[in-house]
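Colleague: Pasting work.cif here (mmCIF, C-alpha atoms):
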```
data_entry
#
loop_
_atom_site.label_atom_id
_atom_site.label_comp_id
_atom_site.auth_asym_id
_atom_site.auth_seq_id
_atom_site.Cartn_x
_atom_site.Cartn_y
_atom_site.Cartn_z
CA MET Z 1 -16.84 -79.05 -109.17
CA LEU Z 2 -16.98 -81.01 -105.97
CA TYR Z 3 -13.38 -80.02 -105.35
CA ALA Z 4 -14.15 -76.32 -105.74
CA LEU Z 5 -17.11 -76.67 -103.44
CA GLY Z 6 -14.85 -78.41 -100.97
CA VAL Z 7 -12.36 -75.55 -101.11
CA ASN Z 8 -15.07 -72.98 -100.59
CA PHE Z 9 -16.52 -74.95 -97.77
CA PHE Z 10 -13.09 -75.29 -96.22
CA PHE Z 11 -12.38 -71.57 -96.40
CA MET Z 12 -15.75 -70.72 -95.01
CA ASN Z 13 -14.80 -72.87 -92.08
CA THR Z 14 -11.39 -71.32 -91.48
CA GLU Z 15 -12.89 -67.82 -91.45
CA ASN Z 16 -15.53 -69.00 -89.05
CA LEU Z 17 -12.79 -70.20 -86.70
CA LEU Z 18 -11.62 -66.61 -86.26
CA VAL Z 19 -15.19 -65.36 -85.80
CA GLU Z 20 -15.73 -68.10 -83.20
CA TYR Z 21 -12.55 -67.01 -81.45
CA PHE Z 22 -13.69 -63.39 -81.12
CA SER Z 23 -17.20 -64.48 -80.15
CA GLN Z 24 -15.81 -66.03 -76.96
CA TYR Z 25 -15.14 -62.53 -75.73
CA MET Z 26 -17.93 -60.38 -77.20
CA SER Z 27 -20.96 -60.76 -79.43
CA LEU Z 28 -20.29 -59.63 -82.99
CA THR Z 29 -22.52 -57.69 -85.39
CA GLU Z 30 -22.92 -58.77 -89.01
CA GLU Z 31 -20.64 -55.90 -90.08
CA GLU Z 32 -17.93 -56.96 -87.67
CA ILE Z 33 -18.10 -60.55 -88.87
CA LYS Z 34 -17.72 -59.31 -92.46
CA LEU Z 35 -14.66 -57.27 -91.50
CA ILE Z 36 -13.00 -60.24 -89.83
CA LYS Z 37 -13.69 -62.42 -92.86
CA LYS Z 38 -12.34 -59.75 -95.23
CA GLU Z 39 -8.92 -59.66 -93.55
CA ASP Z 40 -6.84 -62.18 -95.47
CA ILE Z 41 -4.78 -63.38 -92.55
CA ILE Z 42 -5.55 -67.06 -92.20
CA ARG Z 43 -3.07 -69.64 -93.46
CA GLU Z 44 -2.76 -73.41 -93.38
CA TYR Z 45 0.51 -75.16 -92.57
CA LYS Z 46 1.59 -78.79 -92.84
CA LYS Z 47 2.88 -80.83 -89.91
CA ASP Z 48 6.51 -79.95 -89.13
CA HIS Z 49 6.32 -76.58 -90.89
CA ILE Z 50 8.66 -74.15 -89.18
CA LEU Z 51 6.93 -70.84 -88.43
CA LEU Z 52 10.00 -69.20 -86.89
CA GLU Z 53 13.59 -70.33 -86.56
CA GLU Z 54 16.58 -69.39 -84.42
CA GLY Z 55 18.32 -66.28 -85.76
CA GLN Z 56 15.30 -65.07 -87.74
CA ILE Z 57 13.47 -61.84 -86.86
CA ALA Z 58 9.73 -62.54 -86.54
CA LYS Z 59 7.57 -60.34 -88.78
CA VAL Z 60 4.23 -61.43 -87.35
CA CYS Z 61 2.41 -62.73 -84.29
CA PHE Z 62 0.26 -65.84 -84.50
CA LEU Z 63 -3.09 -67.10 -83.30
CA VAL Z 64 -3.60 -70.87 -83.45
CA LEU Z 65 -7.10 -71.55 -84.74
CA LYS Z 66 -6.58 -75.28 -85.26
CA GLY Z 67 -3.66 -77.61 -84.57
CA CYS Z 68 -0.70 -77.58 -82.24
CA VAL Z 69 2.53 -75.54 -82.33
CA LYS Z 70 5.61 -76.19 -80.20
CA ARG Z 71 8.10 -73.55 -79.04
CA TYR Z 72 11.61 -74.91 -78.42
CA TYR Z 73 15.31 -74.20 -78.15
CA LEU Z 74 17.83 -76.40 -80.00
CA GLU Z 75 20.79 -77.28 -77.78
CA ASP Z 76 23.41 -79.64 -79.23
CA GLY Z 77 20.78 -80.91 -81.63
CA GLU Z 78 18.33 -81.59 -78.80
CA GLU Z 79 14.94 -79.90 -78.55
CA ARG Z 80 14.07 -78.25 -75.24
CA ILE Z 81 10.34 -77.62 -75.48
CA MET Z 82 9.03 -74.62 -73.57
CA GLU Z 83 5.40 -74.48 -74.66
CA PHE Z 84 2.64 -76.08 -76.70
CA TYR Z 85 0.09 -73.73 -78.24
CA THR Z 86 -3.25 -75.20 -79.29
CA GLU Z 87 -6.69 -73.91 -80.36
CA ASN Z 88 -7.22 -70.22 -79.46
CA ASP Z 89 -3.71 -69.68 -78.09
CA PRO Z 90 -2.02 -66.49 -79.31
CA ILE Z 91 1.78 -66.52 -79.82
CA ALA Z 92 3.73 -63.24 -79.55
CA PRO Z 93 7.39 -64.21 -80.14
CA VAL Z 94 10.03 -62.34 -78.12
CA SER Z 95 11.74 -61.78 -81.47
CA TYR Z 96 8.65 -59.98 -82.79
CA VAL Z 97 8.14 -57.74 -79.76
CA ASN Z 98 11.82 -56.80 -79.40
CA GLN Z 99 12.61 -57.00 -83.14
CA GLU Z 100 15.73 -59.08 -82.52
CA PRO Z 101 16.91 -62.48 -83.84
CA SER Z 102 14.91 -65.29 -82.31
CA LYS Z 103 16.60 -67.60 -79.83
CA TYR Z 104 13.96 -70.28 -80.28
CA TYR Z 105 11.93 -72.14 -82.89
CA LEU Z 106 8.20 -72.39 -83.52
CA SER Z 107 6.98 -75.37 -85.51
CA CYS Z 108 3.75 -77.22 -86.22
CA VAL Z 109 3.33 -80.50 -84.34
CA GLU Z 110 0.14 -81.11 -86.36
CA PRO Z 111 -1.33 -79.64 -89.56
CA CYS Z 112 -2.36 -76.13 -88.46
CA ILE Z 113 -4.70 -73.29 -89.33
CA ILE Z 114 -3.16 -70.08 -88.08
CA SER Z 115 -4.10 -66.41 -88.20
CA THR Z 116 -1.28 -63.85 -88.31
CA GLY Z 117 -1.11 -60.21 -87.30
CA ASN Z 118 1.35 -57.36 -86.84
CA GLU Z 119 1.34 -53.86 -85.38
CA GLU Z 120 -0.04 -52.38 -88.60
CA SER Z 121 -2.97 -54.78 -88.88
CA THR Z 122 -3.73 -54.42 -85.17
CA GLN Z 123 -3.69 -50.61 -85.41
CA ARG Z 124 -6.00 -50.70 -88.43
CA PHE Z 125 -8.31 -53.07 -86.64
CA ILE Z 126 -8.43 -50.88 -83.54
CA GLN Z 127 -9.03 -47.71 -85.54
CA ASN Z 128 -11.92 -49.27 -87.43
CA PHE Z 129 -13.35 -51.09 -84.46
CA PRO Z 130 -12.48 -49.43 -81.16
CA GLN Z 131 -15.16 -51.59 -79.54
CA PHE Z 132 -12.73 -54.50 -79.83
CA VAL Z 133 -10.23 -52.88 -77.47
CA PRO Z 134 -11.68 -54.11 -74.16
CA MET Z 135 -11.65 -57.59 -75.70
CA PHE Z 136 -7.99 -57.28 -76.64
CA ILE Z 137 -7.18 -56.22 -73.09
CA LYS Z 138 -9.24 -59.12 -71.70
CA ILE Z 139 -7.43 -61.60 -73.94
CA GLY Z 140 -4.07 -60.16 -72.86
CA ASP Z 141 -5.05 -60.41 -69.20
CA SER Z 142 -6.27 -63.98 -69.33
CA LEU Z 143 -3.19 -64.99 -71.28
CA SER Z 144 -0.89 -63.35 -68.76
CA VAL Z 145 -2.74 -65.02 -65.87
CA LYS Z 146 -2.53 -68.43 -67.55
CA LYS Z 147 1.23 -68.02 -67.97
CA GLN Z 148 1.65 -66.90 -64.38
CA MET Z 149 -0.12 -70.01 -63.13
CA SER Z 150 1.99 -72.35 -65.30
CA PHE Z 151 5.18 -70.68 -64.08
CA ASP Z 152 4.06 -70.94 -60.44
CA ASP Z 153 3.20 -74.61 -60.93
CA PHE Z 154 6.55 -75.32 -62.54
CA LYS Z 155 8.31 -73.73 -59.57
CA ASN Z 156 6.16 -75.31 -56.88
CA LEU Z 157 5.38 -78.81 -58.11
CA SER Z 158 7.44 -81.99 -58.35
CA PRO Z 159 7.81 -83.53 -61.86
CA GLU Z 160 5.14 -86.11 -60.96
CA ASP Z 161 2.71 -83.43 -59.78
CA ARG Z 162 3.49 -81.37 -62.88
CA TYR Z 163 2.54 -84.33 -65.06
CA GLN Z 164 -0.67 -84.93 -63.11
CA LYS Z 165 -1.59 -81.26 -63.40
CA LEU Z 166 -0.99 -81.39 -67.16
CA VAL Z 167 -3.22 -84.45 -67.47
CA ALA Z 168 -5.93 -82.63 -65.47
CA THR Z 169 -5.72 -79.23 -67.22
CA ARG Z 170 -4.73 -80.13 -70.80
CA PRO Z 171 -5.80 -83.77 -71.23
CA ASP Z 172 -5.84 -83.41 -75.04
CA LEU Z 173 -2.09 -82.70 -75.14
CA ILE Z 174 -1.23 -86.11 -73.68
CA HIS Z 175 -2.87 -87.78 -76.69
CA ARG Z 176 -1.88 -85.29 -79.38
CA VAL Z 177 1.82 -85.02 -78.62
CA PRO Z 178 4.47 -87.80 -78.49
CA GLN Z 179 5.62 -88.74 -74.99
CA TYR Z 180 9.23 -87.59 -75.51
CA MET Z 181 7.93 -84.09 -76.30
CA ILE Z 182 5.78 -84.10 -73.15
CA ALA Z 183 8.88 -85.12 -71.16
CA SER Z 184 10.93 -82.27 -72.66
CA TYR Z 185 8.10 -79.82 -71.88
CA LEU Z 186 7.97 -81.01 -68.25
CA GLY Z 187 11.75 -80.58 -67.99
CA ILE Z 188 12.45 -84.28 -67.38
CA LYS Z 189 14.03 -87.22 -69.24
CA PRO Z 190 11.72 -89.54 -71.26
CA GLU Z 191 12.75 -92.41 -68.91
CA SER Z 192 11.59 -90.41 -65.89
CA LEU Z 193 8.23 -89.75 -67.53
CA SER Z 194 7.84 -93.49 -68.26
CA ARG Z 195 8.57 -94.25 -64.59
CA ILE Z 196 6.05 -91.62 -63.45
CA ARG Z 197 3.35 -92.98 -65.78
CA LYS Z 198 4.03 -96.53 -64.59
CA ARG Z 199 3.86 -95.48 -60.94
CA LEU Z 200 0.58 -93.62 -61.50
CA SER Z 201 -1.01 -96.50 -63.43
CA THR Z 202 -0.40 -98.94 -60.55
CA LYS Z 203 -1.80 -96.53 -57.92
CA MET L 1 4.36 -24.39 -43.60
CA LEU L 2 7.44 -26.29 -44.59
CA TYR L 3 5.52 -29.50 -43.91
CA ALA L 4 2.67 -28.45 -46.20
CA LEU L 5 5.13 -27.49 -48.87
CA GLY L 6 6.74 -30.84 -48.38
CA VAL L 7 3.44 -32.62 -48.83
CA ASN L 8 2.64 -30.66 -51.96
CA PHE L 9 6.06 -31.30 -53.32
CA PHE L 10 5.74 -34.96 -52.52
CA PHE L 11 2.39 -35.26 -54.27
CA MET L 12 3.65 -33.39 -57.28
CA ASN L 13 6.36 -36.02 -57.43
CA THR L 14 4.06 -39.02 -57.14
CA GLU L 15 1.87 -37.72 -59.97
CA ASN L 16 4.96 -37.14 -62.05
CA LEU L 17 5.95 -40.77 -61.55
CA LEU L 18 2.86 -41.86 -63.45
CA VAL L 19 3.44 -39.27 -66.18
CA GLU L 20 7.04 -40.49 -66.46
CA TYR L 21 5.79 -44.04 -66.75
CA PHE L 22 3.49 -43.24 -69.67
CA SER L 23 6.16 -41.05 -71.28
CA GLN L 24 8.37 -44.11 -71.75
CA TYR L 25 5.91 -45.32 -74.35
CA MET L 26 4.57 -42.14 -76.00
CA SER L 27 4.98 -38.38 -75.78
CA LEU L 28 2.15 -36.74 -73.85
CA THR L 29 0.34 -33.47 -74.52
CA GLU L 30 -0.36 -31.00 -71.72
CA GLU L 31 -4.00 -32.09 -71.71
CA GLU L 32 -3.06 -35.74 -71.34
CA ILE L 33 -0.70 -34.96 -68.47
CA LYS L 34 -3.52 -33.07 -66.74
CA LEU L 35 -5.85 -36.05 -67.17
CA ILE L 36 -3.35 -38.44 -65.66
CA LYS L 37 -2.76 -36.13 -62.71
CA LYS L 38 -6.51 -35.71 -62.16
CA GLU L 39 -7.12 -39.44 -61.71
CA ASP L 40 -6.82 -40.02 -57.97
CA ILE L 41 -5.27 -43.44 -58.18
CA ILE L 42 -1.88 -43.13 -56.52
CA ARG L 43 -1.39 -44.42 -52.99
CA GLU L 44 1.54 -44.82 -50.61
CA TYR L 45 2.05 -47.94 -48.55
CA LYS L 46 4.38 -48.73 -45.66
CA LYS L 47 6.90 -51.57 -45.71
CA ASP L 48 5.18 -54.94 -45.03
CA HIS L 49 1.75 -53.63 -46.04
CA ILE L 50 -0.28 -56.46 -47.52
CA LEU L 51 -1.90 -55.46 -50.82
CA LEU L 52 -3.65 -58.80 -51.35
CA GLU L 53 -3.97 -61.87 -49.20
CA GLU L 54 -4.84 -65.52 -49.73
CA GLY L 55 -8.61 -66.04 -49.95
CA GLN L 56 -9.35 -62.40 -50.81
CA ILE L 57 -10.82 -61.39 -54.21
CA ALA L 58 -8.69 -58.63 -55.73
CA LYS L 59 -10.66 -55.50 -56.64
CA VAL L 60 -7.84 -53.72 -58.48
CA CYS L 61 -4.68 -54.16 -60.50
CA PHE L 62 -1.47 -52.40 -59.50
CA LEU L 63 1.37 -50.49 -61.08
CA VAL L 64 4.49 -50.09 -58.92
CA LEU L 65 5.77 -46.53 -59.33
CA LYS L 66 8.28 -46.72 -56.50
CA GLY L 67 9.34 -49.51 -54.15
CA CYS L 68 9.28 -53.28 -54.28
CA VAL L 69 6.39 -55.75 -53.95
CA LYS L 70 6.74 -59.50 -53.48
CA ARG L 71 4.26 -62.12 -54.66
CA TYR L 72 4.28 -65.32 -52.59
CA TYR L 73 2.43 -68.42 -51.46
CA LEU L 74 2.33 -69.37 -47.77
CA GLU L 75 2.95 -73.09 -47.29
CA ASP L 76 3.15 -74.36 -43.70
CA GLY L 77 4.02 -70.84 -42.62
CA GLU L 78 6.84 -70.62 -45.16
CA GLU L 79 6.90 -68.02 -47.94
CA ARG L 80 7.48 -69.29 -51.47
CA ILE L 81 8.31 -66.17 -53.43
CA MET L 82 7.31 -66.21 -57.10
CA GLU L 83 8.06 -62.65 -58.18
CA PHE L 84 9.42 -59.25 -57.19
CA TYR L 85 7.80 -56.23 -58.81
CA THR L 86 9.77 -52.98 -58.82
CA GLU L 87 9.54 -49.56 -60.53
CA ASN L 88 7.23 -49.59 -63.59
CA ASP L 89 6.11 -53.20 -63.15
CA PRO L 90 2.35 -53.74 -63.50
CA ILE L 91 0.68 -56.45 -61.38
CA ALA L 92 -2.53 -58.10 -62.62
CA PRO L 93 -3.45 -60.66 -59.93
CA VAL L 94 -4.98 -63.95 -61.13
CA SER L 95 -7.66 -63.28 -58.52
CA TYR L 96 -8.53 -59.96 -60.21
CA VAL L 97 -8.68 -61.34 -63.75
CA ASN L 98 -10.68 -64.46 -62.82
CA GLN L 99 -12.60 -62.84 -59.92
CA GLU L 100 -11.83 -65.74 -57.61
CA PRO L 101 -10.21 -65.98 -54.14
CA SER L 102 -6.47 -65.37 -54.37
CA LYS L 103 -4.11 -68.27 -53.78
CA TYR L 104 -1.18 -65.97 -53.10
CA TYR L 105 -0.16 -62.82 -51.24
CA LEU L 106 1.16 -59.47 -52.44
CA SER L 107 3.06 -57.37 -49.92
CA CYS L 108 5.42 -54.40 -49.85
CA VAL L 109 9.09 -55.29 -49.28
CA GLU L 110 9.83 -51.55 -49.11
CA PRO L 111 7.72 -48.41 -48.63
CA CYS L 112 5.85 -48.17 -51.95
CA ILE L 113 4.07 -45.71 -54.21
CA ILE L 114 1.51 -47.61 -56.23
CA SER L 115 -1.09 -46.70 -58.82
CA THR L 116 -4.26 -48.80 -58.97
CA GLY L 117 -6.74 -49.47 -61.75
CA ASN L 118 -9.73 -51.61 -62.61
CA GLU L 119 -11.82 -52.41 -65.68
CA GLU L 120 -13.97 -49.32 -65.18
CA SER L 121 -11.07 -46.88 -64.91
CA THR L 122 -9.31 -48.51 -67.85
CA GLN L 123 -12.46 -48.29 -69.99
CA ARG L 124 -12.92 -44.62 -69.07
CA PHE L 125 -9.30 -43.94 -69.87
CA ILE L 126 -9.54 -45.66 -73.26
CA GLN L 127 -12.77 -43.89 -74.18
CA ASN L 128 -11.32 -40.48 -73.36
CA PHE L 129 -7.93 -41.18 -74.83
CA PRO L 130 -8.01 -43.83 -77.56
CA GLN L 131 -4.51 -42.75 -78.54
CA PHE L 132 -3.28 -44.57 -75.43
CA VAL L 133 -4.43 -47.95 -76.76
CA PRO L 134 -1.34 -48.82 -78.83
CA MET L 135 0.70 -48.02 -75.72
CA PHE L 136 -1.41 -50.37 -73.59
CA ILE L 137 -0.89 -53.13 -76.14
CA LYS L 138 2.85 -52.40 -76.23
CA ILE L 139 3.08 -52.56 -72.43
CA GLY L 140 1.15 -55.84 -72.46
CA ASP L 141 3.45 -57.29 -75.11
CA SER L 142 6.71 -56.33 -73.44
CA LEU L 143 5.41 -57.63 -70.12
CA SER L 144 4.40 -60.94 -71.66
CA VAL L 145 7.78 -61.27 -73.38
CA LYS L 146 9.65 -60.50 -70.14
CA LYS L 147 7.68 -63.22 -68.37
CA GLN L 148 8.32 -65.71 -71.14
CA MET L 149 12.06 -65.12 -70.88
CA SER L 150 12.08 -65.57 -67.08
CA PHE L 151 10.12 -68.79 -67.38
CA ASP L 152 12.47 -70.12 -70.09
CA ASP L 153 15.48 -69.22 -67.95
CA PHE L 154 14.02 -70.93 -64.92
CA LYS L 155 13.47 -74.09 -66.96
CA ASN L 156 16.83 -74.04 -68.74
CA LEU L 157 19.34 -72.73 -66.21
CA SER L 158 20.97 -74.30 -63.15
CA PRO L 159 20.39 -72.52 -59.80
CA GLU L 160 23.90 -71.00 -60.07
CA ASP L 161 23.23 -69.71 -63.61
CA ARG L 162 19.83 -68.41 -62.48
CA TYR L 163 21.52 -66.40 -59.74
CA GLN L 164 24.14 -65.02 -62.13
CA LYS L 165 21.43 -64.03 -64.61
CA LEU L 166 19.53 -62.25 -61.83
CA VAL L 167 22.68 -60.35 -60.82
CA ALA L 168 23.20 -59.36 -64.47
CA THR L 169 19.62 -58.39 -65.30
CA ARG L 170 18.26 -57.03 -62.00
CA PRO L 171 21.36 -56.00 -60.01
CA ASP L 172 19.31 -53.65 -57.80
CA LEU L 173 17.25 -56.57 -56.42
CA ILE L 174 20.32 -58.21 -54.88
CA HIS L 175 20.85 -55.15 -52.70
CA ARG L 176 17.22 -54.24 -52.02
CA VAL L 177 15.95 -57.64 -50.94
CA PRO L 178 17.21 -59.90 -48.09
CA GLN L 179 19.18 -62.98 -49.24
CA TYR L 180 16.63 -65.48 -47.90
CA MET L 181 13.98 -63.90 -50.12
CA ILE L 182 16.29 -64.09 -53.15
CA ALA L 183 16.86 -67.79 -52.36
CA SER L 184 13.11 -68.43 -52.16
CA TYR L 185 12.61 -66.59 -55.46
CA LEU L 186 15.31 -68.71 -57.15
CA GLY L 187 13.64 -71.86 -55.81
CA ILE L 188 16.60 -72.88 -53.62
CA LYS L 189 17.46 -73.09 -49.89
CA PRO L 190 19.24 -70.10 -48.29
CA GLU L 191 22.23 -72.39 -47.59
CA SER L 192 22.51 -73.25 -51.28
CA LEU L 193 22.49 -69.56 -52.19
CA SER L 194 25.28 -68.92 -49.65
CA ARG L 195 27.33 -71.71 -51.22
CA ILE L 196 26.73 -70.34 -54.73
CA ARG L 197 27.76 -66.82 -53.67
CA LYS L 198 30.89 -68.17 -51.97
CA ARG L 199 31.83 -70.21 -55.03
CA LEU L 200 31.33 -67.22 -57.34
CA SER L 201 33.30 -64.85 -55.11
CA THR L 202 36.37 -67.13 -55.20
CA LYS L 203 36.24 -67.57 -58.98
#
```
As structure tokens - that is how I would like this structure written.
Modeller:
Amino acid sequence: MLYALGVNFFFMNTENLLVEYFSQYMSLTEEEIKLIKKEDIIREYKKDHILLEEGQIAKVCFLVLKGCVKRYYLEDGEERIMEFYTENDPIAPVSYVNQEPSKYYLSCVEPCIISTGNEESTQRFIQNFPQFVPMFIKIGDSLSVKKQMSFDDFKNLSPEDRYQKLVATRPDLIHRVPQYMIASYLGIKPESLSRIRKRLSTK
Amino acid sequence: MLYALGVNFFFMNTENLLVEYFSQYMSLTEEEIKLIKKEDIIREYKKDHILLEEGQIAKVCFLVLKGCVKRYYLEDGEERIMEFYTENDPIAPVSYVNQEPSKYYLSCVEPCIISTGNEESTQRFIQNFPQFVPMFIKIGDSLSVKKQMSFDDFKNLSPEDRYQKLVATRPDLIHRVPQYMIASYLGIKPESLSRIRKRLSTK
């Protein structure tokens, strides 16, 4: 009994995560909240679950509601991490958009709660609720702007400055993700990151 | 008379550029073509015209229909070029999306024909023509994917490989844009680019 209650309570929570996500961008009516909850698109994944692997064609896009996902290439058995996606970050794999075999992997760094979508579900959503469209455009814009700023920073900053910027803008990542993954993400060797951290701690 | 004809002919062409742009993504009815042509949103700019400068809050987004626009930071009087936008590339400045003073410049490397838009015009467009929405989402997706691939390449490739990739994927840029701008865009010194080109030409 308690267990069943727990499950219900848990699912109520996962649905609410998606409602909370949309509520950031617009206020929702009761009917809209019901619609979101009706869509059976939320899944839980264990740590290390692979959402997409090299060579596979992605069938869906993702929205991280809880947890952390890494995007990486495997080169001679070594991970080259390009991105960490955490709460409220959408992931549209190149493989999904171009319908071609993926060149990279997506896997869960932590246990995750993730919502999935595809063209069909998006179309249906838009047809039923055209009032969501400005929100979709807003989300797309802020995502694109966020990416542009990270790219600019990567080009313009030294590895040390990149690390400091990461600590300032995504402090949670530093604690959630092992140091060797942070190093890979910053495009430096783990030894270099250790040196940088040492230097900064004695400043 | 000839001049007037010329002007008419020219304007017919600029409108058609926007129709052509939309036609890449969906087939347009006569009515839709008329609507696009009616919107007075296409402007011509001379070479070196500054579309956005540091400190200014962007009032519009851009779509390059013809020409080439560079996006750059000015640091101690030196340009650090982040991006070149050419035919069919949309530009959504960070400053526009976040409504904050811009940290970078946008200026025309060539004479340009550019369409502008803002939230209001987009909303009006969507309300009148909801059938355009899937296209907007598609454009957003392919843009986001293109950016992701450039960022990955910048992280993963050596300067020489970056240059070769640029030659392979955007061969027109090499001829349209002065070498020192290409070097800045690749994140290297003009001398290094000269060395790379020399090395490649003797291979």
Colleague: Specify as a PyMOL selection string each residue included when the PyMOL selection byres ((chain Z) within 10 of (chain L)) is applied to this file.
Modeller: chain Z and resi 72-73+80-83+92-98+119+122-123+126-127+130-131+133-134+136-138+140-152+154-156+185-187
Colleague: Run the PyMOL selection byres ((chain L and resi 85-88) around 9) on the file and write out the hits as a PyMOL selection string.
Modeller: chain L and resi 18+21+63-71+83-84+89-91+173
Colleague: Using the chain letters and numbering of this document, enumerate as a VMD selection string the residues selected by the PyMOL selection byres ((chain Z and resi 193) around 9).
Modeller: chain Z and resid 159 to 160 163 179 to 180 182 to 183 186 188 to 192 194 to 198
Colleague: Measure the distance from CA of Lys37 (chain Z) to CA of Phe132 (chain Z) in Å and round it to one decimal.
Modeller: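 Between CA of Lys37 (chain Z) and CA of Phe132 (chain Z) the gap is 15.3 Å.
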Colleague: What is the distance between CA of Leu157 (chain Z) and CA of Glu110 (chain Z), in Å to one decimal?
Modeller: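 That distance, rounded to one decimal, is 28.8 Å.
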Colleague: Just the number, please: distance in Å from CA of Ser23 (chain Z) to CA of Met135 (chain Z), one decimal.
Modeller: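 Taking CA of Ser23 (chain Z) as the start and CA of Met135 (chain Z) as the end point, the length is 9.9 Å.
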Colleague: Taking the point (-1.4, -63.8, -47.9) as given in the file, collect each protein or nucleic acid residue that comes within 6 Å of it, counting only C-alpha atoms, and present the set as a list in words.
Modeller: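 Every polymer residue passing the test: Glu53, Glu54, Tyr104 and Tyr105 of chain L.
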Colleague: Could you pull the residues within 7 Å of Pro111 (chain L), counting only C-alpha atoms, minus those fewer than 2 positions along the same chain, as a PyMOL selection string?
Modeller: chain L and resi 45-47+67+108
Colleague: Kindly list the centre and edge lengths in Å, rounded to one decimal, for the axis-aligned box that covers all listed atoms of region 139-155 of chain L plus 5 Å on each of its six sides, as JSON.
Modeller:
```
{"center_x": 8.3, "center_y": -63.3, "center_z": -70.0, "size_x": 24.3, "size_y": 31.5, "size_z": 20.2}
```
Colleague: Would you mind completing region 37-49 of chain Z to N, CA and C atoms and writing the output as a compact mmCIF listing (two decimals), keeping the file's coordinate frame?
Modeller:
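Saved file out.txt follows:
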```
# COMPACT_ATOMS: atom_id res chain seq x y z
N LYS Z 37 -13.83 -61.50 -91.74
CA LYS Z 37 -13.69 -62.42 -92.86
C LYS Z 37 -12.91 -61.79 -94.01
N LYS Z 38 -13.01 -60.46 -94.12
CA LYS Z 38 -12.34 -59.75 -95.23
C LYS Z 38 -10.81 -59.76 -95.06
N GLU Z 39 -10.37 -59.68 -93.82
CA GLU Z 39 -8.92 -59.66 -93.55
C GLU Z 39 -8.33 -61.00 -94.00
N ASP Z 40 -7.39 -60.93 -94.91
CA ASP Z 40 -6.84 -62.18 -95.47
C ASP Z 40 -5.62 -62.59 -94.63
N ILE Z 41 -5.88 -63.15 -93.48
CA ILE Z 41 -4.78 -63.38 -92.55
C ILE Z 41 -4.72 -64.82 -92.06
N ILE Z 42 -5.52 -65.68 -92.66
CA ILE Z 42 -5.55 -67.06 -92.20
C ILE Z 42 -4.78 -67.96 -93.17
N ARG Z 43 -3.89 -68.75 -92.62
CA ARG Z 43 -3.07 -69.64 -93.46
C ARG Z 43 -3.11 -71.06 -92.89
N GLU Z 44 -2.87 -72.03 -93.81
CA GLU Z 44 -2.76 -73.41 -93.38
C GLU Z 44 -1.31 -73.86 -93.47
N TYR Z 45 -0.86 -74.66 -92.54
CA TYR Z 45 0.51 -75.16 -92.57
C TYR Z 45 0.50 -76.66 -92.35
N LYS Z 46 1.47 -77.34 -93.02
CA LYS Z 46 1.59 -78.79 -92.84
C LYS Z 46 2.30 -79.10 -91.52
N LYS Z 47 2.14 -80.33 -91.07
CA LYS Z 47 2.88 -80.83 -89.91
C LYS Z 47 4.37 -80.58 -90.15
N ASP Z 48 5.07 -80.20 -89.10
CA ASP Z 48 6.51 -79.95 -89.13
C ASP Z 48 6.92 -78.66 -89.82
N HIS Z 49 5.96 -77.88 -90.31
CA HIS Z 49 6.32 -76.58 -90.89
C HIS Z 49 6.91 -75.69 -89.81
```
